[in-house]
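What follows is a short report on a single structure.
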Amino acid sequence: MAPRIATFLSIALSLWTLVAAESIPKTDYDVIVVGGGPSGLSALSGVSRVRRTALLFDSQEYRNGPTRNMHDVIGNDGTPPAEFRALAREQILKYPTAHIKNATVKSITSIGTDAVTAFSVVDASGRNYTARKIVLGTGMRDVLPDTPGLKEAWGKGIFWCPWCDGYEHRDQPFGILGNLSDVLGSVLEVNTQFSDIIAFVNGTQTPDGEAQATASHADWKEQLKAWNIQIENRTIASIERLQDGETHQNKTTDMQFDKFRVHFTTGEPVERSAFITNFAAVQQSSLPSQLHLNVTKEKIVVDASSMRTNVTGVYGVGDANSDGSTNVPHAMFSGKKAAVYLHVQLSREDSASKVSKRTGLSQRELEKEATRAIGRNLEPQWEKIQKRN
Ligand SMILES: *[C@@H]1O[C@H](CO)[C@@H](O)[C@H](O)[C@H]1NC(C)=O
Ligand SMILES: *[C@@H]1O[C@H](CO)[C@@H](O)[C@H](O)[C@H]1NC(C)=O
Ligand SMILES: *[C@@H]1O[C@H](CO)[C@@H](O)[C@H](O)[C@H]1NC(C)=O
Ligand SMILES: *[C@@H]1O[C@H](CO)[C@@H](O)[C@H](O)[C@H]1NC(C)=O
Ligand SMILES: *[C@@H]1O[C@H](CO)[C@@H](O)[C@H](O)[C@H]1NC(C)=O
Ligand SMILES: *[C@@H]1O[C@H](CO)[C@@H](O)[C@H](O)[C@H]1NC(C)=O
Ligand SMILES: *[C@@H]1O[C@H](CO)[C@@H](O)[C@H](O)[C@H]1NC(C)=O
Ligand SMILES: *[C@@H]1O[C@H](CO)[C@@H](O)[C@H](O)[C@H]1NC(C)=O
């Protein structure tokens, strides 16, 4: 090969490498995780163990924020949620590629392509960060009726998850809050924890409400009777706390002694120690709709084997996703699952770029490819360089 051609080819090859390398966007991080609850922290842990650079945004708002203690999370039974998160953060931050920022994300925009994704993430202070993949662990928000006393008692004697809470109030006088059509479902979940149960259906025992109950369980009336459930249909005016289980508890027996008085718009109040609820929950963040993700029945629709959403490069984990589970173990599992999948996906993209867009080219093929790719377009450039010398 003449020296001239050799130099030409060497320039050509280095240009080719440049072109191929450019197909992987230069971003601030490999991954940006939105959400500092157990799903986001688990995703951050998973990517950090394989040294992916990652930034997690923590808005410091958590669905289980008001909850006294976590339960049914092995190794952490009874741990306050804030302690659990703090220990997780401390352990994950020992990995030098892991970063956490206490800030709320305002917007996420795609700046890549489907083949090689990239996103721009802007936080509340207007700072712009870029990453190749996005994990949303943005959670759900419980929509509570504005009944006085309810919000204050949320997670502290009034709760929606009978596994997370409940046991500490076992065998105490119990209430079910929510629509008539949801009462039997709750009874089937809590009947091993409570026997003295009143369902406070708040005026929903109407012909319509009964028809809805019948649609789910034809013999709902007989079943409720068999479990000895009393239905209280009066309209609830307020829920008054009489005693706080935070200060009235027995740690030896794992009992918490909350006490409430339910006031109605008419007649005498009724006292109960704890309640399970059937209220609606909605997406906590507007990011899923901003990104035009498929959100169906208030859940980010994901492929359960990878946690991928229908927008390439965006993953949905934790309570907010559609894989049918809302609890801490699921949040951790789904975060981990997304971390594994997206790491492999990133590596595939990196691998494809290393061997050029066509996979498996030999060095000789690559040289031929480079010569062909340059074609005549670079011939004039070459001439210019020669003249200057
Ligand atoms: C972020 O918030 C956590 C929990 O409130 C706190 O422990 C941590 O110090 C905060 N980090 C920064 C950098 O402010
Ligand atoms: C953030 O920075 C990236 C890369 O420089 C840019 O493409 C994107 O437009 C920026 N986004 C915003 C909202 O400024
Ligand atoms: C009960 O029903 C009333 C009237 O429809 C409503 O304003 C209130 O929020 C409901 N309370 C609960 C606890 O469902
Ligand atoms: C339950 O309360 C609603 C609203 O006040 C009322 O329309 C309905 O008739 C009541 N149902 C029964 C069985 O009393
Ligand atoms: C807690 O319960 C145990 C067992 O019933 C009892 O012996 C103990 O006195 C209780 N402690 C308090 C502070 O009530
Ligand atoms: C309860 O019933 C009311 C009135 O029919 C309805 O607006 C509300 O969405 C129901 N709540 C739930 C959690 O299904
Ligand atoms: C959105 O998800 C629902 C539920 O899985 C599915 O039926 C629907 O086809 C999806 N829509 C799009 C546009 O992907
Ligand atoms: C994802 O689903 C949403 C809602 O169904 C739809 O509007 C959007 O076009 C879908 N996006 C992609 C990339 O398929």
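Scheme for the structure tokens: letters A, B, ... for chains in order shown; per-chain residue numbers from 1; ligand numbers from 1 in order shown.
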May I ask you to write as number ranges by chain all residues lying at most 8 Å from ligand 3, with only C-alpha atoms and all ligand atoms counted?
A: 144-147, 150, 177-179, 201-203, 235-238
Would you mind listing what lies within 8 Å of Val105 of chain A as a list in words, with only C-alpha atoms counted and same-chain residues fewer than 5 positions away left out?
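In the requested format, the answer is Val34, Phe57, Ser59, Val121, Val122, Asp123 and Ala124 of chain A.
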Just want the 10 Å neighbourhood of Asp72 of chain A, counted on only C-alpha atoms, with same-chain residues fewer than 3 positions away dropped. Output as a PDB file with N, CA and C atoms, in the first residue's frame.
```pdb
ATOM      1  N   GLY A  75     -36.616  -8.474  57.672  1.00  0.00           N
ATOM      2  CA  GLY A  75     -35.405  -7.802  58.148  1.00  0.00           C
ATOM      3  C   GLY A  75     -35.677  -6.379  58.597  1.00  0.00           C
ATOM      4  N   ASN A  76     -36.831  -5.848  58.242  1.00  0.00           N
ATOM      5  CA  ASN A  76     -37.183  -4.470  58.614  1.00  0.00           C
ATOM      6  C   ASN A  76     -38.579  -4.384  59.192  1.00  0.00           C
ATOM      7  N   ASP A  77     -39.016  -5.443  59.870  1.00  0.00           N
ATOM      8  CA  ASP A  77     -40.353  -5.425  60.448  1.00  0.00           C
ATOM      9  C   ASP A  77     -40.415  -4.401  61.570  1.00  0.00           C
ATOM     10  N   GLY A  78     -41.256  -3.386  61.395  1.00  0.00           N
ATOM     11  CA  GLY A  78     -41.410  -2.351  62.418  1.00  0.00           C
ATOM     12  C   GLY A  78     -40.515  -1.143  62.240  1.00  0.00           C
ATOM     13  N   TRP A 163     -51.724  -5.825  55.306  1.00  0.00           N
ATOM     14  CA  TRP A 163     -50.464  -6.516  55.605  1.00  0.00           C
ATOM     15  C   TRP A 163     -49.495  -5.551  56.294  1.00  0.00           C
ATOM     16  N   CYS A 164     -49.466  -4.303  55.747  1.00  0.00           N
ATOM     17  CA  CYS A 164     -48.541  -3.297  56.278  1.00  0.00           C
ATOM     18  C   CYS A 164     -48.966  -2.875  57.676  1.00  0.00           C
ATOM     19  N   ASP A 165     -50.277  -2.670  57.839  1.00  0.00           N
ATOM     20  CA  ASP A 165     -50.823  -2.276  59.139  1.00  0.00           C
ATOM     21  C   ASP A 165     -51.933  -3.270  59.488  1.00  0.00           C
ATOM     22  N   ASN A 327     -46.624  -2.538  47.288  1.00  0.00           N
ATOM     23  CA  ASN A 327     -46.031  -2.747  48.612  1.00  0.00           C
ATOM     24  C   ASN A 327     -44.520  -2.608  48.487  1.00  0.00           C
ATOM     25  N   VAL A 328     -43.842  -2.540  49.629  1.00  0.00           N
ATOM     26  CA  VAL A 328     -42.396  -2.287  49.619  1.00  0.00           C
ATOM     27  C   VAL A 328     -41.597  -3.427  48.953  1.00  0.00           C
ATOM     28  N   PRO A 329     -41.901  -4.700  49.281  1.00  0.00           N
ATOM     29  CA  PRO A 329     -41.145  -5.765  48.589  1.00  0.00           C
ATOM     30  C   PRO A 329     -41.308  -5.693  47.067  1.00  0.00           C
TER      31      PRO A 329
END
```
Compute the set of protein, DNA and RNA residues whose minimum atom distance to ligand 6 is at most 9 Å, using only C-alpha atoms and all ligand atoms, and state it as number ranges by chain.
A: 143, 178-182, 204, 208-209, 277-281
Take the residues that were just selected and, keeping N, CA, C and O atoms, output them as a PDB file, in the first residue's frame.
```pdb
ATOM      1  N   VAL A 143     -56.172   9.559  47.397  1.00  0.00           N
ATOM      2  CA  VAL A 143     -57.128  10.673  47.347  1.00  0.00           C
ATOM      3  C   VAL A 143     -58.087  10.518  48.527  1.00  0.00           C
ATOM      4  O   VAL A 143     -58.974   9.669  48.501  1.00  0.00           O
ATOM      5  N   GLY A 178     -65.439   3.406  53.121  1.00  0.00           N
ATOM      6  CA  GLY A 178     -65.464   3.347  51.659  1.00  0.00           C
ATOM      7  C   GLY A 178     -66.833   2.934  51.148  1.00  0.00           C
ATOM      8  O   GLY A 178     -67.782   2.789  51.928  1.00  0.00           O
ATOM      9  N   ASN A 179     -66.911   2.717  49.853  1.00  0.00           N
ATOM     10  CA  ASN A 179     -68.192   2.425  49.217  1.00  0.00           C
ATOM     11  C   ASN A 179     -68.679   1.017  49.528  1.00  0.00           C
ATOM     12  O   ASN A 179     -67.878   0.096  49.720  1.00  0.00           O
ATOM     13  N   LEU A 180     -70.000   0.860  49.517  1.00  0.00           N
ATOM     14  CA  LEU A 180     -70.631  -0.432  49.803  1.00  0.00           C
ATOM     15  C   LEU A 180     -70.040  -1.561  48.947  1.00  0.00           C
ATOM     16  O   LEU A 180     -69.774  -2.664  49.441  1.00  0.00           O
ATOM     17  N   SER A 181     -69.792  -1.267  47.669  1.00  0.00           N
ATOM     18  CA  SER A 181     -69.340  -2.324  46.755  1.00  0.00           C
ATOM     19  C   SER A 181     -67.940  -2.854  47.099  1.00  0.00           C
ATOM     20  O   SER A 181     -67.536  -3.904  46.606  1.00  0.00           O
ATOM     21  N   ASP A 182     -67.198  -2.112  47.933  1.00  0.00           N
ATOM     22  CA  ASP A 182     -65.836  -2.556  48.290  1.00  0.00           C
ATOM     23  C   ASP A 182     -65.771  -3.252  49.653  1.00  0.00           C
ATOM     24  O   ASP A 182     -64.692  -3.712  50.064  1.00  0.00           O
ATOM     25  N   THR A 204     -73.723   5.212  50.704  1.00  0.00           N
ATOM     26  CA  THR A 204     -73.638   4.557  49.383  1.00  0.00           C
ATOM     27  C   THR A 204     -74.513   3.296  49.299  1.00  0.00           C
ATOM     28  O   THR A 204     -74.493   2.603  48.290  1.00  0.00           O
ATOM     29  N   ASP A 208     -78.301   2.017  43.404  1.00  0.00           N
ATOM     30  CA  ASP A 208     -77.115   1.991  42.533  1.00  0.00           C
ATOM     31  C   ASP A 208     -75.939   1.275  43.202  1.00  0.00           C
ATOM     32  O   ASP A 208     -75.274   0.431  42.595  1.00  0.00           O
ATOM     33  N   GLY A 209     -75.696   1.657  44.477  1.00  0.00           N
ATOM     34  CA  GLY A 209     -74.587   1.079  45.241  1.00  0.00           C
ATOM     35  C   GLY A 209     -74.768  -0.424  45.417  1.00  0.00           C
ATOM     36  O   GLY A 209     -73.813  -1.198  45.309  1.00  0.00           O
ATOM     37  N   THR A 277     -59.398   1.374  54.658  1.00  0.00           N
ATOM     38  CA  THR A 277     -60.115   2.262  53.745  1.00  0.00           C
ATOM     39  C   THR A 277     -60.119   1.719  52.311  1.00  0.00           C
ATOM     40  O   THR A 277     -59.282   0.897  51.937  1.00  0.00           O
ATOM     41  N   ASN A 278     -61.079   2.199  51.550  1.00  0.00           N
ATOM     42  CA  ASN A 278     -61.140   1.900  50.112  1.00  0.00           C
ATOM     43  C   ASN A 278     -61.295   3.220  49.364  1.00  0.00           C
ATOM     44  O   ASN A 278     -62.367   3.529  48.856  1.00  0.00           O
ATOM     45  N   PHE A 279     -60.252   4.021  49.328  1.00  0.00           N
ATOM     46  CA  PHE A 279     -60.302   5.282  48.612  1.00  0.00           C
ATOM     47  C   PHE A 279     -59.481   5.164  47.331  1.00  0.00           C
ATOM     48  O   PHE A 279     -58.648   4.260  47.196  1.00  0.00           O
ATOM     49  N   ALA A 280     -59.684   6.106  46.430  1.00  0.00           N
ATOM     50  CA  ALA A 280     -58.976   6.051  45.152  1.00  0.00           C
ATOM     51  C   ALA A 280     -57.516   6.480  45.324  1.00  0.00           C
ATOM     52  O   ALA A 280     -57.164   7.157  46.291  1.00  0.00           O
ATOM     53  N   ALA A 281     -56.669   6.061  44.393  1.00  0.00           N
ATOM     54  CA  ALA A 281     -55.275   6.524  44.347  1.00  0.00           C
ATOM     55  C   ALA A 281     -54.975   6.924  42.906  1.00  0.00           C
ATOM     56  O   ALA A 281     -55.466   6.295  41.969  1.00  0.00           O
TER      57      ALA A 281
END
```
Write out as a Markdown table the residues of segment 28-143 of chain A that have any atom within 8 Å of an atom of segment 290-314 of chain A, one row each with the nearest atom pair and its distance in Å to one decimal, counting only C-alpha atoms, sorted by chain and then rising number.
```
| residue | atom | partner | partner_atom | distance |
| --- | --- | --- | --- | --- |
| A:Ser107 | CA | A:Gln290 | CA | 7.4 |
| A:Ile108 | CA | A:Leu291 | CA | 6.9 |
| A:Thr109 | CA | A:Leu291 | CA | 7.2 |
| A:Asp114 | CA | A:Thr312 | CA | 6.0 |
| A:Thr117 | CA | A:Gly313 | CA | 5.8 |
| A:Ala118 | CA | A:Gly313 | CA | 7.6 |
| A:Arg132 | CA | A:Gly313 | CA | 7.3 |
| A:Lys133 | CA | A:Gly313 | CA | 5.0 |
| A:Ile134 | CA | A:Val314 | CA | 4.8 |
| A:Val135 | CA | A:Val314 | CA | 5.9 |
| A:Leu136 | CA | A:Val314 | CA | 7.4 |
```
Show me which residues are within 7 Å of ligand 5 counting only C-alpha atoms and all ligand atoms, and format the list as a PyMOL selection string.
chain A and resi 250-253
Grab the residues selected above and save them as a tab-separated table (two decimals), in the first residue's frame with C-alpha atoms.
```
chain	number	residue	atom	x	y	z
A	250	ASN	CA	-47.39	-2.22	74.26
A	251	LYS	CA	-44.09	-3.10	72.61
A	252	THR	CA	-43.99	-6.51	74.31
A	253	THR	CA	-47.20	-7.62	72.64
```
Nearest residue to ligand 4 from the set A:Glu210, A:Glu246, A:Glu240, A:Asp219 (distances using only C-alpha atoms and all ligand atoms):
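The closest residue to ligand 4 is A:Glu210.
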Taking only C-alpha atoms and all ligand atoms and a cut-off of 7 Å, can you tell me which residues surround ligand 1, written as a PyMOL selection string?
chain A and resi 60+86+101-102
Resulting file, chosen residues, N, CA, C and O atoms, as a PDB file, in the first residue's frame:
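The result, written out as part32.pdb:
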```pdb
ATOM      1  N   GLN A  60     -38.631  14.056  48.387  1.00  0.00           N
ATOM      2  CA  GLN A  60     -38.885  13.950  49.819  1.00  0.00           C
ATOM      3  C   GLN A  60     -40.371  13.871  50.160  1.00  0.00           C
ATOM      4  O   GLN A  60     -40.774  14.150  51.292  1.00  0.00           O
ATOM      5  N   ALA A  86     -33.101   6.175  55.015  1.00  0.00           N
ATOM      6  CA  ALA A  86     -31.809   6.775  55.373  1.00  0.00           C
ATOM      7  C   ALA A  86     -30.693   5.725  55.295  1.00  0.00           C
ATOM      8  O   ALA A  86     -29.615   5.999  54.759  1.00  0.00           O
ATOM      9  N   LYS A 101     -29.951  13.549  44.741  1.00  0.00           N
ATOM     10  CA  LYS A 101     -30.218  14.989  44.878  1.00  0.00           C
ATOM     11  C   LYS A 101     -31.615  15.162  45.453  1.00  0.00           C
ATOM     12  O   LYS A 101     -32.573  14.582  44.933  1.00  0.00           O
ATOM     13  N   ASN A 102     -31.727  15.940  46.517  1.00  0.00           N
ATOM     14  CA  ASN A 102     -33.043  16.238  47.081  1.00  0.00           C
ATOM     15  C   ASN A 102     -33.678  17.337  46.257  1.00  0.00           C
ATOM     16  O   ASN A 102     -33.486  18.513  46.537  1.00  0.00           O
TER      17      ASN A 102
END
```
DSSP-assigned alpha helix (DSSP H) among segment 151-201 of chain A, expressed as a PyMOL selection string
chain A and resi 151-153+183-190
Near-ligand residues for ligand 2, threshold 7 Å, only C-alpha atoms and all ligand atoms, as a list in words
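Those within range of ligand 2 are Ile111, Ser120, Val122, Asn128, Tyr129 and Thr130 of chain A.
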Since we have the selection now, will you write its residues out, keeping C-alpha atoms, as a PDB file, in the first residue's frame?
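In the end it all went to part27.pdb:
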```
ATOM      1  CA  ILE A 111     -33.310  14.265  23.093  1.00  0.00           C
ATOM      2  CA  SER A 120     -32.984  15.935  29.299  1.00  0.00           C
ATOM      3  CA  VAL A 122     -34.887  19.685  34.381  1.00  0.00           C
ATOM      4  CA  ASN A 128     -30.653  20.571  33.213  1.00  0.00           C
ATOM      5  CA  TYR A 129     -29.253  17.034  33.483  1.00  0.00           C
ATOM      6  CA  THR A 130     -28.967  14.417  30.765  1.00  0.00           C
TER       7      THR A 130
END
```
Could you check how far atom CA of Leu287 of chain A sits from atom CA of Asn69 of chain A, in Å to one decimal?
28.9 Å
